[in-house]
Structure formats: C-alpha cells, structure tokens
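Colleague: Provided below: upload30.cif, containing mmCIF, C-alpha atoms.
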```cif
data_start
#
loop_
_atom_site.group_PDB
_atom_site.id
_atom_site.type_symbol
_atom_site.label_atom_id
_atom_site.label_comp_id
_atom_site.auth_asym_id
_atom_site.auth_seq_id
_atom_site.Cartn_x
_atom_site.Cartn_y
_atom_site.Cartn_z
ATOM 1 C CA MET W 1 90.542 -92.217 143.918
ATOM 2 C CA ILE W 2 93.032 -91.801 141.140
ATOM 3 C CA GLU W 3 92.775 -88.462 139.459
ATOM 4 C CA GLU W 4 92.179 -88.809 135.760
ATOM 5 C CA ASP W 5 94.681 -86.762 133.832
ATOM 6 C CA THR W 6 94.027 -88.357 130.465
ATOM 7 C CA PRO W 7 90.664 -89.298 129.017
ATOM 8 C CA SER W 8 89.895 -92.995 128.677
ATOM 9 C CA LEU W 9 90.702 -94.735 125.426
ATOM 10 C CA ALA W 10 87.037 -95.157 124.572
ATOM 11 C CA GLU W 11 86.597 -91.389 124.918
ATOM 12 C CA GLN W 12 89.590 -90.793 122.676
ATOM 13 C CA VAL W 13 88.346 -93.151 119.970
ATOM 14 C CA THR W 14 84.951 -91.478 120.129
ATOM 15 C CA LEU W 15 86.647 -88.085 119.825
ATOM 16 C CA LEU W 16 88.580 -89.260 116.772
ATOM 17 C CA GLU W 17 85.353 -90.499 115.167
ATOM 18 C CA LEU W 18 83.668 -87.210 116.068
ATOM 19 C CA VAL W 19 86.415 -85.117 114.491
ATOM 20 C CA ASP W 20 86.247 -87.292 111.360
ATOM 21 C CA ARG W 21 82.550 -86.598 111.074
ATOM 22 C CA VAL W 22 82.516 -82.884 111.902
ATOM 23 C CA LEU W 23 85.404 -82.028 109.564
ATOM 24 C CA HIS W 24 84.832 -84.428 106.681
ATOM 25 C CA LYS W 25 81.148 -85.340 106.541
ATOM 26 C CA GLY W 26 78.053 -83.218 106.570
ATOM 27 C CA VAL W 27 76.540 -80.807 104.129
ATOM 28 C CA VAL W 28 78.712 -78.399 102.145
ATOM 29 C CA LEU W 29 76.765 -75.760 100.241
ATOM 30 C CA SER W 30 79.398 -73.056 100.289
ATOM 31 C CA GLY W 31 82.333 -72.866 97.917
ATOM 32 C CA ASP W 32 84.412 -71.225 100.623
ATOM 33 C CA ILE W 33 86.818 -73.279 102.673
ATOM 34 C CA THR W 34 88.451 -71.701 105.696
ATOM 35 C CA LEU W 35 90.103 -74.791 107.110
ATOM 36 C CA SER W 36 93.838 -74.714 106.709
ATOM 37 C CA VAL W 37 95.416 -78.070 105.981
ATOM 38 C CA ALA W 38 97.877 -77.328 108.772
ATOM 39 C CA GLY W 39 95.022 -76.740 111.213
ATOM 40 C CA VAL W 40 93.323 -80.020 110.325
ATOM 41 C CA ASP W 41 96.606 -81.927 110.456
ATOM 42 C CA LEU W 42 97.321 -80.461 113.855
ATOM 43 C CA VAL W 43 94.079 -81.653 115.409
ATOM 44 C CA TYR W 44 94.658 -85.150 114.002
ATOM 45 C CA VAL W 45 98.249 -85.255 115.147
ATOM 46 C CA GLY W 46 97.029 -84.305 118.618
ATOM 47 C CA LEU W 47 94.450 -87.083 118.618
ATOM 48 C CA ARG W 48 96.798 -89.727 117.243
ATOM 49 C CA VAL W 49 99.447 -88.832 119.786
ATOM 50 C CA LEU W 50 96.880 -89.254 122.545
ATOM 51 C CA LEU W 51 95.833 -92.624 121.158
ATOM 52 C CA ALA W 52 99.383 -93.844 120.655
ATOM 53 C CA SER W 53 100.320 -92.829 124.183
ATOM 54 C CA VAL W 54 98.080 -95.449 125.728
ATOM 55 C CA GLY W 55 98.931 -98.419 123.559
ATOM 56 C CA THR W 56 96.318 -97.797 120.883
ATOM 57 C CA LEU W 57 94.351 -100.645 119.509
ATOM 58 C CA GLU W 58 95.609 -103.460 121.706
ATOM 59 C CA ARG W 59 94.079 -101.717 124.665
ATOM 60 C CA LEU W 60 90.908 -100.990 122.782
ATOM 61 C CA GLU W 61 90.515 -104.638 121.922
ATOM 62 C CA GLN W 62 91.237 -105.761 125.457
ATOM 63 C CA GLU W 63 88.757 -103.312 126.918
ATOM 64 C CA ASP W 64 86.213 -104.296 124.353
ATOM 65 C CA ARG W 65 86.619 -107.994 125.073
ATOM 66 C CA ARG W 66 86.457 -107.395 128.816
ATOM 67 C CA GLU W 67 83.237 -105.477 128.350
ATOM 68 C CA LEU W 68 81.824 -108.274 126.241
ATOM 69 C CA ALA W 69 82.857 -110.872 128.792
ATOM 70 C CA ALA W 70 81.236 -108.829 131.543
ATOM 71 C CA ALA W 71 78.083 -108.371 129.506
ATOM 72 C CA GLY W 72 77.931 -112.072 128.683
ATOM 73 C CA SER W 73 78.337 -113.360 132.230
ATOM 74 C CA MET O 74 80.874 -64.983 107.954
ATOM 75 C CA ILE O 75 78.126 -67.455 108.708
ATOM 76 C CA HIS O 76 78.894 -70.808 110.314
ATOM 77 C CA VAL O 77 76.113 -73.372 109.735
ATOM 78 C CA TYR O 78 75.537 -76.159 112.261
ATOM 79 C CA ALA O 79 72.508 -77.879 110.835
ATOM 80 C CA TYR O 80 69.709 -77.932 108.285
ATOM 81 C CA MET O 81 66.261 -78.999 109.514
ATOM 82 C CA PRO O 82 62.716 -79.058 108.185
ATOM 83 C CA ALA O 83 60.792 -75.792 108.790
ATOM 84 C CA PRO O 84 59.694 -74.198 111.087
ATOM 85 C CA ALA O 85 62.662 -72.315 112.524
ATOM 86 C CA ARG O 86 63.460 -73.176 116.147
ATOM 87 C CA THR O 87 65.121 -71.335 118.995
ATOM 88 C CA PHE O 88 67.885 -72.843 121.103
ATOM 89 C CA GLU O 89 69.098 -72.021 124.583
ATOM 90 C CA LEU O 90 72.728 -72.891 124.047
ATOM 91 C CA THR O 91 75.274 -70.769 122.214
ATOM 92 C CA GLY O 92 77.496 -71.559 119.276
ATOM 93 C CA LEU O 93 81.217 -71.208 118.544
ATOM 94 C CA ASP O 94 82.829 -68.453 120.624
ATOM 95 C CA ASP O 95 79.577 -68.347 122.619
ATOM 96 C CA ALA O 96 77.906 -66.542 119.715
ATOM 97 C CA PRO O 97 74.090 -66.584 119.774
ATOM 98 C CA LEU O 98 72.407 -69.133 117.512
ATOM 99 C CA GLU O 99 70.102 -67.922 114.767
ATOM 100 C CA CYS O 100 67.640 -69.942 112.766
ATOM 101 C CA ARG O 101 66.260 -68.845 109.404
ATOM 102 C CA THR O 102 63.929 -70.584 106.998
ATOM 103 C CA VAL O 103 64.673 -70.705 103.281
ATOM 104 C CA ARG O 104 62.221 -72.686 101.115
ATOM 105 C CA ASP O 105 61.039 -74.669 104.144
ATOM 106 C CA VAL O 106 64.595 -75.533 105.176
ATOM 107 C CA ALA O 107 65.437 -74.192 108.637
ATOM 108 C CA VAL O 108 69.132 -73.253 108.777
ATOM 109 C CA LEU O 109 70.799 -73.084 112.197
ATOM 110 C CA PHE O 110 73.850 -70.809 112.238
ATOM 111 C CA SER O 111 75.899 -68.191 114.064
ATOM 112 C CA ARG O 112 77.722 -65.087 112.823
ATOM 113 C CA HIS O 113 81.443 -64.530 113.223
ATOM 114 C CA ALA O 114 84.096 -62.036 112.278
ATOM 115 C CA ARG O 115 86.706 -64.745 111.815
ATOM 116 C CA ALA O 116 87.165 -68.279 110.555
ATOM 117 C CA PHE O 117 87.788 -71.070 113.069
ATOM 118 C CA GLU O 118 90.642 -73.476 113.333
ATOM 119 C CA PRO O 119 89.355 -76.964 114.140
ATOM 120 C CA THR O 120 90.405 -77.101 117.772
ATOM 121 C CA GLU O 121 88.959 -79.825 119.956
ATOM 122 C CA ALA O 122 86.815 -77.245 121.763
ATOM 123 C CA ALA O 123 85.428 -75.827 118.507
ATOM 124 C CA VAL O 124 84.672 -79.303 117.108
ATOM 125 C CA ARG O 125 82.926 -80.293 120.332
ATOM 126 C CA ARG O 126 80.836 -77.119 120.378
ATOM 127 C CA HIS O 127 79.785 -77.609 116.764
ATOM 128 C CA ALA O 128 78.810 -81.209 117.577
ATOM 129 C CA ALA O 129 76.884 -80.157 120.697
ATOM 130 C CA VAL O 130 74.766 -77.737 118.681
ATOM 131 C CA VAL O 131 74.056 -80.434 116.061
ATOM 132 C CA GLU O 132 73.011 -82.813 118.873
ATOM 133 C CA ALA O 133 70.670 -80.201 120.320
ATOM 134 C CA ALA O 134 69.112 -79.671 116.906
ATOM 135 C CA MET O 135 68.672 -83.418 116.500
ATOM 136 C CA HIS O 136 66.799 -83.621 119.799
ATOM 137 C CA ASP O 137 64.449 -80.813 118.817
ATOM 138 C CA ALA O 138 63.768 -81.389 115.135
ATOM 139 C CA PRO O 139 62.275 -84.477 113.455
ATOM 140 C CA ALA O 140 65.289 -84.648 111.140
ATOM 141 C CA VAL O 141 68.639 -82.915 110.906
ATOM 142 C CA LEU O 142 71.477 -82.683 108.394
ATOM 143 C CA PRO O 143 74.719 -81.583 110.050
ATOM 144 C CA GLY O 144 76.684 -78.849 108.291
ATOM 145 C CA ARG O 145 80.370 -79.431 107.691
ATOM 146 C CA PHE O 146 82.826 -77.455 109.818
ATOM 147 C CA GLY O 147 85.030 -75.003 107.939
ATOM 148 C CA HIS O 148 82.765 -74.159 105.001
ATOM 149 C CA PRO O 149 81.114 -70.878 106.013
ATOM 150 C CA PHE O 150 78.968 -68.563 103.937
ATOM 151 C CA ALA O 151 80.265 -65.055 103.313
ATOM 152 C CA ASP O 152 76.937 -63.368 104.078
ATOM 153 C CA ASP O 153 73.150 -63.814 104.322
ATOM 154 C CA ALA O 154 72.605 -63.426 100.606
ATOM 155 C CA SER O 155 75.025 -66.214 99.629
ATOM 156 C CA MET O 156 73.542 -68.516 102.285
ATOM 157 C CA GLU O 157 69.990 -67.902 101.093
ATOM 158 C CA ARG O 158 70.939 -68.385 97.469
ATOM 159 C CA ALA O 159 72.806 -71.651 98.147
ATOM 160 C CA VAL O 160 70.016 -73.127 100.279
ATOM 161 C CA ALA O 161 67.339 -72.090 97.788
ATOM 162 C CA ASP O 162 69.311 -73.679 94.936
ATOM 163 C CA ARG O 163 69.644 -77.000 96.791
ATOM 164 C CA ALA O 164 66.345 -76.997 98.702
ATOM 165 C CA ALA O 165 64.910 -80.001 96.834
ATOM 166 C CA GLU O 166 67.991 -82.131 97.559
ATOM 167 C CA LEU O 167 68.021 -81.024 101.188
ATOM 168 C CA HIS O 168 64.379 -82.034 101.603
ATOM 169 C CA ASP O 169 65.088 -85.427 100.011
ATOM 170 C CA ARG O 170 67.961 -86.006 102.416
ATOM 171 C CA LEU O 171 65.908 -84.830 105.414
ATOM 172 C CA ARG O 172 63.204 -87.368 104.542
ATOM 173 C CA LEU O 173 65.852 -90.083 104.215
ATOM 174 C CA VAL O 174 67.389 -89.489 107.661
ATOM 175 C CA GLU O 175 64.135 -88.818 109.534
ATOM 176 C CA GLY O 176 63.763 -91.135 112.522
ATOM 177 C CA CYS O 177 67.234 -92.607 111.983
ATOM 178 C CA VAL O 178 70.546 -92.525 113.803
ATOM 179 C CA GLU O 179 74.001 -93.145 112.416
ATOM 180 C CA LEU O 180 76.025 -95.993 113.879
ATOM 181 C CA GLY O 181 79.727 -96.347 113.155
ATOM 182 C CA VAL O 182 81.436 -99.728 112.915
ATOM 183 C CA ARG O 183 85.138 -100.479 112.851
ATOM 184 C CA ALA O 184 86.481 -103.986 112.508
ATOM 185 C CA LEU O 185 90.053 -104.357 113.732
ATOM 186 C CA GLU O 186 92.432 -107.278 113.357
ATOM 187 C CA SER O 187 93.439 -108.432 116.820
ATOM 188 C CA THR O 188 96.765 -109.766 115.528
ATOM 189 C CA PRO O 189 98.334 -108.174 112.503
ATOM 190 C CA ARG O 190 98.731 -110.743 109.749
ATOM 191 C CA GLN O 191 102.267 -111.633 108.751
ATOM 192 C CA PRO O 192 103.022 -109.839 105.542
ATOM 193 C CA PRO O 193 104.250 -112.224 102.846
ATOM 194 C CA LEU O 194 107.983 -112.783 103.033
ATOM 195 C CA SER O 195 109.712 -110.345 100.771
ATOM 196 C CA THR O 196 112.539 -112.844 100.251
ATOM 197 C CA ALA O 197 110.190 -114.871 98.057
ATOM 198 C CA GLY O 198 110.446 -114.354 94.311
ATOM 199 C CA GLY O 199 108.903 -111.223 92.788
ATOM 200 C CA ALA O 200 105.896 -112.867 91.147
ATOM 201 C CA GLU O 201 105.262 -115.098 94.146
ATOM 202 C CA TYR O 202 105.377 -112.077 96.442
ATOM 203 C CA LEU O 203 102.916 -110.121 94.327
ATOM 204 C CA HIS O 204 100.556 -113.087 94.194
ATOM 205 C CA ALA O 205 100.697 -113.411 97.953
ATOM 206 C CA ARG O 206 99.916 -109.703 98.355
ATOM 207 C CA LEU O 207 97.008 -110.005 95.960
ATOM 208 C CA ARG O 208 95.610 -113.036 97.770
ATOM 209 C CA GLU O 209 95.888 -111.123 101.025
ATOM 210 C CA ALA O 210 94.034 -108.098 99.600
ATOM 211 C CA ASN O 211 91.286 -110.333 98.176
ATOM 212 C CA GLU O 212 90.927 -112.138 101.475
ATOM 213 C CA ARG O 213 90.575 -108.820 103.343
ATOM 214 C CA GLU O 214 87.993 -107.665 100.866
ATOM 215 C CA ARG O 215 86.039 -110.923 101.253
ATOM 216 C CA ARG O 216 86.019 -110.810 105.068
ATOM 217 C CA ALA O 217 85.133 -107.100 105.215
ATOM 218 C CA THR O 218 82.323 -107.499 102.685
ATOM 219 C CA GLU O 219 80.934 -110.445 104.637
ATOM 220 C CA LEU O 220 80.766 -108.291 107.786
ATOM 221 C CA HIS O 221 79.286 -105.353 105.930
ATOM 222 C CA ASP O 222 76.630 -107.540 104.287
ATOM 223 C CA ALA O 223 75.659 -108.946 107.681
ATOM 224 C CA LEU O 224 75.038 -105.412 109.001
ATOM 225 C CA ARG O 225 73.592 -103.475 106.102
ATOM 226 C CA GLY O 226 70.294 -105.383 106.149
ATOM 227 C CA VAL O 227 68.519 -103.219 108.725
ATOM 228 C CA ALA O 228 70.185 -100.002 107.539
ATOM 229 C CA ARG O 229 68.310 -97.553 105.359
ATOM 230 C CA GLU O 230 71.619 -96.561 103.811
ATOM 231 C CA SER O 231 75.264 -97.359 104.454
ATOM 232 C CA THR O 232 78.737 -96.302 103.500
ATOM 233 C CA HIS O 233 81.922 -98.312 103.951
ATOM 234 C CA GLN O 234 85.621 -98.379 103.301
ATOM 235 C CA ILE O 235 87.948 -101.361 103.188
ATOM 236 C CA PRO O 236 91.514 -100.119 103.666
ATOM 237 C CA PRO O 237 93.897 -102.200 101.514
ATOM 238 C CA SER O 238 96.209 -102.877 104.458
ATOM 239 C CA GLY O 239 96.669 -102.234 108.145
ATOM 240 C CA ARG O 240 94.723 -103.318 111.204
ATOM 241 C CA VAL O 241 91.439 -101.698 110.308
ATOM 242 C CA LEU O 242 89.639 -104.227 108.118
ATOM 243 C CA LEU O 243 86.382 -102.336 107.752
ATOM 244 C CA SER O 244 85.325 -98.786 108.523
ATOM 245 C CA ALA O 245 81.621 -98.232 107.944
ATOM 246 C CA ALA O 246 78.604 -96.138 108.876
ATOM 247 C CA TYR O 247 74.979 -97.278 108.893
ATOM 248 C CA LEU O 248 71.822 -95.186 108.864
ATOM 249 C CA VAL O 249 69.543 -97.165 111.155
ATOM 250 C CA PRO O 250 65.935 -96.431 112.231
ATOM 251 C CA ALA O 251 66.073 -95.441 115.924
ATOM 252 C CA GLU O 252 63.876 -98.367 116.948
ATOM 253 C CA GLU O 253 66.286 -100.834 115.273
ATOM 254 C CA ARG O 254 69.336 -99.484 117.051
ATOM 255 C CA GLN O 255 69.435 -102.075 119.807
ATOM 256 C CA GLY O 256 69.017 -104.922 117.355
ATOM 257 C CA PHE O 257 71.830 -103.526 115.264
ATOM 258 C CA GLU O 258 74.165 -103.265 118.247
ATOM 259 C CA GLU O 259 73.328 -106.835 119.247
ATOM 260 C CA ARG O 260 74.128 -107.927 115.716
ATOM 261 C CA VAL O 261 77.531 -106.252 116.003
ATOM 262 C CA ARG O 262 78.175 -108.084 119.286
ATOM 263 C CA GLU O 263 77.219 -111.423 117.716
ATOM 264 C CA LEU O 264 79.599 -110.809 114.834
ATOM 265 C CA GLU O 265 82.340 -109.852 117.257
ATOM 266 C CA LEU O 266 81.853 -113.056 119.245
ATOM 267 C CA ALA O 267 81.778 -115.199 116.118
ATOM 268 C CA GLN O 268 85.179 -113.879 115.024
ATOM 269 C CA ASP O 269 88.193 -114.811 117.071
ATOM 270 C CA GLU O 270 90.644 -112.709 115.177
ATOM 271 C CA LEU O 271 88.543 -109.557 114.899
ATOM 272 C CA ALA O 272 87.382 -106.842 117.268
ATOM 273 C CA VAL O 273 84.211 -105.252 115.939
ATOM 274 C CA VAL O 274 83.546 -101.888 117.578
ATOM 275 C CA CYS O 275 80.299 -99.946 117.317
ATOM 276 C CA THR O 276 80.169 -96.170 117.977
ATOM 277 C CA GLY O 277 77.252 -93.788 118.176
ATOM 278 C CA PRO O 278 74.431 -93.061 117.907
ATOM 279 C CA TRP O 279 75.587 -90.067 115.868
ATOM 280 C CA PRO O 280 73.570 -87.443 114.051
ATOM 281 C CA PRO O 281 73.602 -88.554 110.395
ATOM 282 C CA TYR O 282 76.890 -86.871 109.469
ATOM 283 C CA SER O 283 77.833 -89.563 106.958
ATOM 284 C CA PHE O 284 74.478 -89.399 105.176
ATOM 285 C CA ALA O 285 73.956 -85.652 105.072
ATOM 286 C CA SER O 286 75.908 -84.727 101.991
ATOM 287 C CA THR O 287 73.741 -84.143 98.957
ATOM 288 C CA VAL O 288 76.747 -84.877 96.800
ATOM 289 C CA ALA O 289 78.245 -88.352 96.726
ATOM 290 C CA ALA O 290 81.520 -88.276 98.637
#
```
Let me see the file written as structure tokens.

Modeller:
Amino acid sequence: MIEEDTPSLAEQVTLLELVDRVLHKGVVLSGDITLSVAGVDLVYVGLRVLLASVGTLERLEQEDRRELAAAGS
Amino acid sequence: MIHVYAYMPAPARTFELTGLDDAPLECRTVRDVAVLFSRHARAFEPTEAAVRRHAAVVEAAMHDAPAVLPGRFGHPFADDASMERAVADRAAELHDRLRLVEGCVELGVRALESTPRQPPLSTAGGAEYLHARLREANERERRATELHDALRGVARESTHQIPPSGRVLLSAAYLVPAEERQGFEERVRELELAQDELAVVCTGPWPPYSFASTVAA
C-alpha cells in the first residue's frame, strides 16, 4: 500500500468547489463582513497550489475519461 | 458574534454535532424561519478546517430539514437582536427561497477544453486579429450556451458563467429535484461523450448554495 500524502485530484477539485460555495454563495443578511481579503486569497492560493502540483486539468480530464471508459465497458 | 450555518423552515431542530471551534449549535425560530447558528468571541479566517466544518453543519441541516438555505461564511451578526431583526425583515423572501429549493439538490457542472485552442496569431494585422478574437469569443459563447441549454431543462433554476477565455468553457450550477438527479448526471455523461474536445465534469449533490441568496448575485 502506498501511503497517501496528498489528496486525490477529484478531492481537491471538490474542495475548490466547496470553498467557492461556502465563501461566495449562500444567504447574507448581515451587513458585517469579517473575512479579510488576505485570508480568502490565502485559502485560494493554497488550493490552487495543490491543484497545480499534480498537473491540474490534464489529469482531471484523463481521470474523467478513464472513469467514463470504465463505466461504459 | 453569531455565525449562521443555515436557514430552515420552522420548527427549530437540535443537532448532535458541534460548530466552528466545537461551539454548541443553537437553533432559534424567527417568523417561522429556523436559524441554525453558534456563538463566538472572534471572527474566523476561512481555513480549510473552518470551511469544512461550516459545510458539514449545512449538510446535517439538509438531511434533517425539508429545505435549507446555507448561510454565507464570514458575514456574522453582532448579537441576537440584529439577527432577529434581519431575519424578520427578510422572512418573506427566505420562505420563498425555501419553497423553491425544497426537494432539490444543487449540481455543479464545469466544461473544460481538453486542448487549449490556438490563440489567433498576433502577427496578423490589428483589425484581422481583433476579428479573430471576436469570432473566438462568439464561438465559445455558442458552444457553452448549447451545453447549458441541454442541461437546464430539468432544472428548477440555474446559474451559469461563460469565461471569455481560458480552458473553462462553462461553469454552471443547476437546482435539480432529487429524483431527477440521476437523469441529470446521465445527461452530463452523454454530453461529455458527444464532445471530443470537451471534458464535462459534474460535482455534487450540494446543498443549494448557489440558489440561496435572496438577492441576485
């Protein structure tokens, strides 16, 4: 068994989509904003670095096509 | 300060799990809107752990309540009075939105170019170059709209963006009745297979984050 140090790409993409939703969608009824731009940037930089480190979208596409091929056979 | 996770139809519910910083969850009803929140002495930076905890509480609420509107991270209320006032003021809109999302899940779709298109040669003349760029933008718009139109049919509501350039051709979210979810995902797979040059990726089901805001984004 290989120990998994980094999450899979699918997990990372899902995390990116999750962060997008939690920070930028959803109901706002309060006029107060406590998020610092720096804080938000930091979490995105972290995510993008993770994504970039594994070859980003090429890999995503390959994995996706493999999954499709497997599902179709 | 008060950090809100979710708005639900009354009655108030109790939850086993804890919120940010392991704070206990509280649920209070204002004009038949049940507000799920926790109290904190400080504001939170959006760390991965904090975002995940917020999302986990929203998920739990979605499993328990017939409908849920996620609250946005980073917009806390100062105290009980300001929360009650704000919810009371917007109760009608919140109830409208809760009815809209009831029984639905959100599905995300991203269409990605598998090979980046060659940008027009910049050595061409100025006008020619601009025309080429314009044609390219129109073509992207046409392809993205075609995809979006093929998917929006079963959705109760949808929201989409077509970035003017780059590998992401379409970024969209669809509010789909739970029983239509499988059909929707199959539709995405069919579209993906029909397009050689595109990867069409479906994420979710999500709580209806993209359809919760009572104000148009």

Colleague: When distances are computed from all atoms listed in the file, which of W:Asp32, W:Glu11, W:Glu17, W:Val22 shows the smallest separation from O:Arg126?

Modeller: W:Val22

Colleague: Which residues of chain W are close to chain O, meaning at most 7 Å apart when you count all atoms listed in the file, and how do they look as a list in words?

Modeller: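 Only these qualify: Val19, Arg21, Val22, Leu23, His24, Lys25, Gly26, Val27, Val28, Leu29, Ser30, Asp32, Ile33, Thr34, Leu35, Gly39, Val40, Val43 and Glu61 of chain W.
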
Colleague: Store the residues picked out above, limited to C-alpha atoms, as a PDB file, in the coordinates of the input.

Modeller:
```
ATOM      1  CA  VAL W  19      86.415 -85.117 114.491  1.00  0.00           C
ATOM      2  CA  ARG W  21      82.550 -86.598 111.074  1.00  0.00           C
ATOM      3  CA  VAL W  22      82.516 -82.884 111.902  1.00  0.00           C
ATOM      4  CA  LEU W  23      85.404 -82.028 109.564  1.00  0.00           C
ATOM      5  CA  HIS W  24      84.832 -84.428 106.681  1.00  0.00           C
ATOM      6  CA  LYS W  25      81.148 -85.340 106.541  1.00  0.00           C
ATOM      7  CA  GLY W  26      78.053 -83.218 106.570  1.00  0.00           C
ATOM      8  CA  VAL W  27      76.540 -80.807 104.129  1.00  0.00           C
ATOM      9  CA  VAL W  28      78.712 -78.399 102.145  1.00  0.00           C
ATOM     10  CA  LEU W  29      76.765 -75.760 100.241  1.00  0.00           C
ATOM     11  CA  SER W  30      79.398 -73.056 100.289  1.00  0.00           C
ATOM     12  CA  ASP W  32      84.412 -71.225 100.623  1.00  0.00           C
ATOM     13  CA  ILE W  33      86.818 -73.279 102.673  1.00  0.00           C
ATOM     14  CA  THR W  34      88.451 -71.701 105.696  1.00  0.00           C
ATOM     15  CA  LEU W  35      90.103 -74.791 107.110  1.00  0.00           C
ATOM     16  CA  GLY W  39      95.022 -76.740 111.213  1.00  0.00           C
ATOM     17  CA  VAL W  40      93.323 -80.020 110.325  1.00  0.00           C
ATOM     18  CA  VAL W  43      94.079 -81.653 115.409  1.00  0.00           C
ATOM     19  CA  GLU W  61      90.515-104.638 121.922  1.00  0.00           C
TER      20      GLU W  61
END
```

Colleague: Show me, as a PDB file with C-alpha atoms, in the coordinates of the input, the residues that have an atom within 12 Å of O:Ile235 when counting only C-alpha atoms, minus same-chain residues fewer than 6 positions from it.

Modeller:
```
ATOM      1  CA  VAL O 182      81.436 -99.728 112.915  1.00  0.00           C
ATOM      2  CA  ARG O 183      85.138-100.479 112.851  1.00  0.00           C
ATOM      3  CA  ALA O 184      86.481-103.986 112.508  1.00  0.00           C
ATOM      4  CA  LEU O 185      90.053-104.357 113.732  1.00  0.00           C
ATOM      5  CA  ALA O 210      94.034-108.098  99.600  1.00  0.00           C
ATOM      6  CA  ASN O 211      91.286-110.333  98.176  1.00  0.00           C
ATOM      7  CA  GLU O 212      90.927-112.138 101.475  1.00  0.00           C
ATOM      8  CA  ARG O 213      90.575-108.820 103.343  1.00  0.00           C
ATOM      9  CA  GLU O 214      87.993-107.665 100.866  1.00  0.00           C
ATOM     10  CA  ARG O 215      86.039-110.923 101.253  1.00  0.00           C
ATOM     11  CA  ARG O 216      86.019-110.810 105.068  1.00  0.00           C
ATOM     12  CA  ALA O 217      85.133-107.100 105.215  1.00  0.00           C
ATOM     13  CA  THR O 218      82.323-107.499 102.685  1.00  0.00           C
ATOM     14  CA  GLU O 219      80.934-110.445 104.637  1.00  0.00           C
ATOM     15  CA  LEU O 220      80.766-108.291 107.786  1.00  0.00           C
ATOM     16  CA  HIS O 221      79.286-105.353 105.930  1.00  0.00           C
ATOM     17  CA  VAL O 241      91.439-101.698 110.308  1.00  0.00           C
ATOM     18  CA  LEU O 242      89.639-104.227 108.118  1.00  0.00           C
ATOM     19  CA  LEU O 243      86.382-102.336 107.752  1.00  0.00           C
ATOM     20  CA  SER O 244      85.325 -98.786 108.523  1.00  0.00           C
ATOM     21  CA  ALA O 245      81.621 -98.232 107.944  1.00  0.00           C
TER      22      ALA O 245
END
```

Colleague: So how far away is atom CA of O:Thr102 from atom CA of O:Met74, in Å?

Modeller: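 Separation of atom CA of O:Met74 and atom CA of O:Thr102: 17.9 Å.
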
Colleague: Quick one: pull the distance between atom CA of O:Gly226 and atom CA of O:Val178, Å, one decimal.

Modeller: 15.0 Å

Colleague: Show me, as a list of chain:residue names, the residues that have an atom within 9 Å of O:Ala223 when counting all atoms listed in the file, minus same-chain residues fewer than 5 positions from it.

Modeller: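 Contacts, in chain order: O:Thr218, O:Arg260, O:Val261, O:Leu264.
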
Colleague: Take the residues from that selection and put them in a file with C-alpha atoms, as a CSV table (one decimal), keeping the file's coordinate frame.

Modeller:
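Produced file part.csv, reproduced below:
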```csv
chain,number,residue,atom,x,y,z
O,218,THR,CA,82.3,-107.5,102.7
O,260,ARG,CA,74.1,-107.9,115.7
O,261,VAL,CA,77.5,-106.3,116.0
O,264,LEU,CA,79.6,-110.8,114.8
```
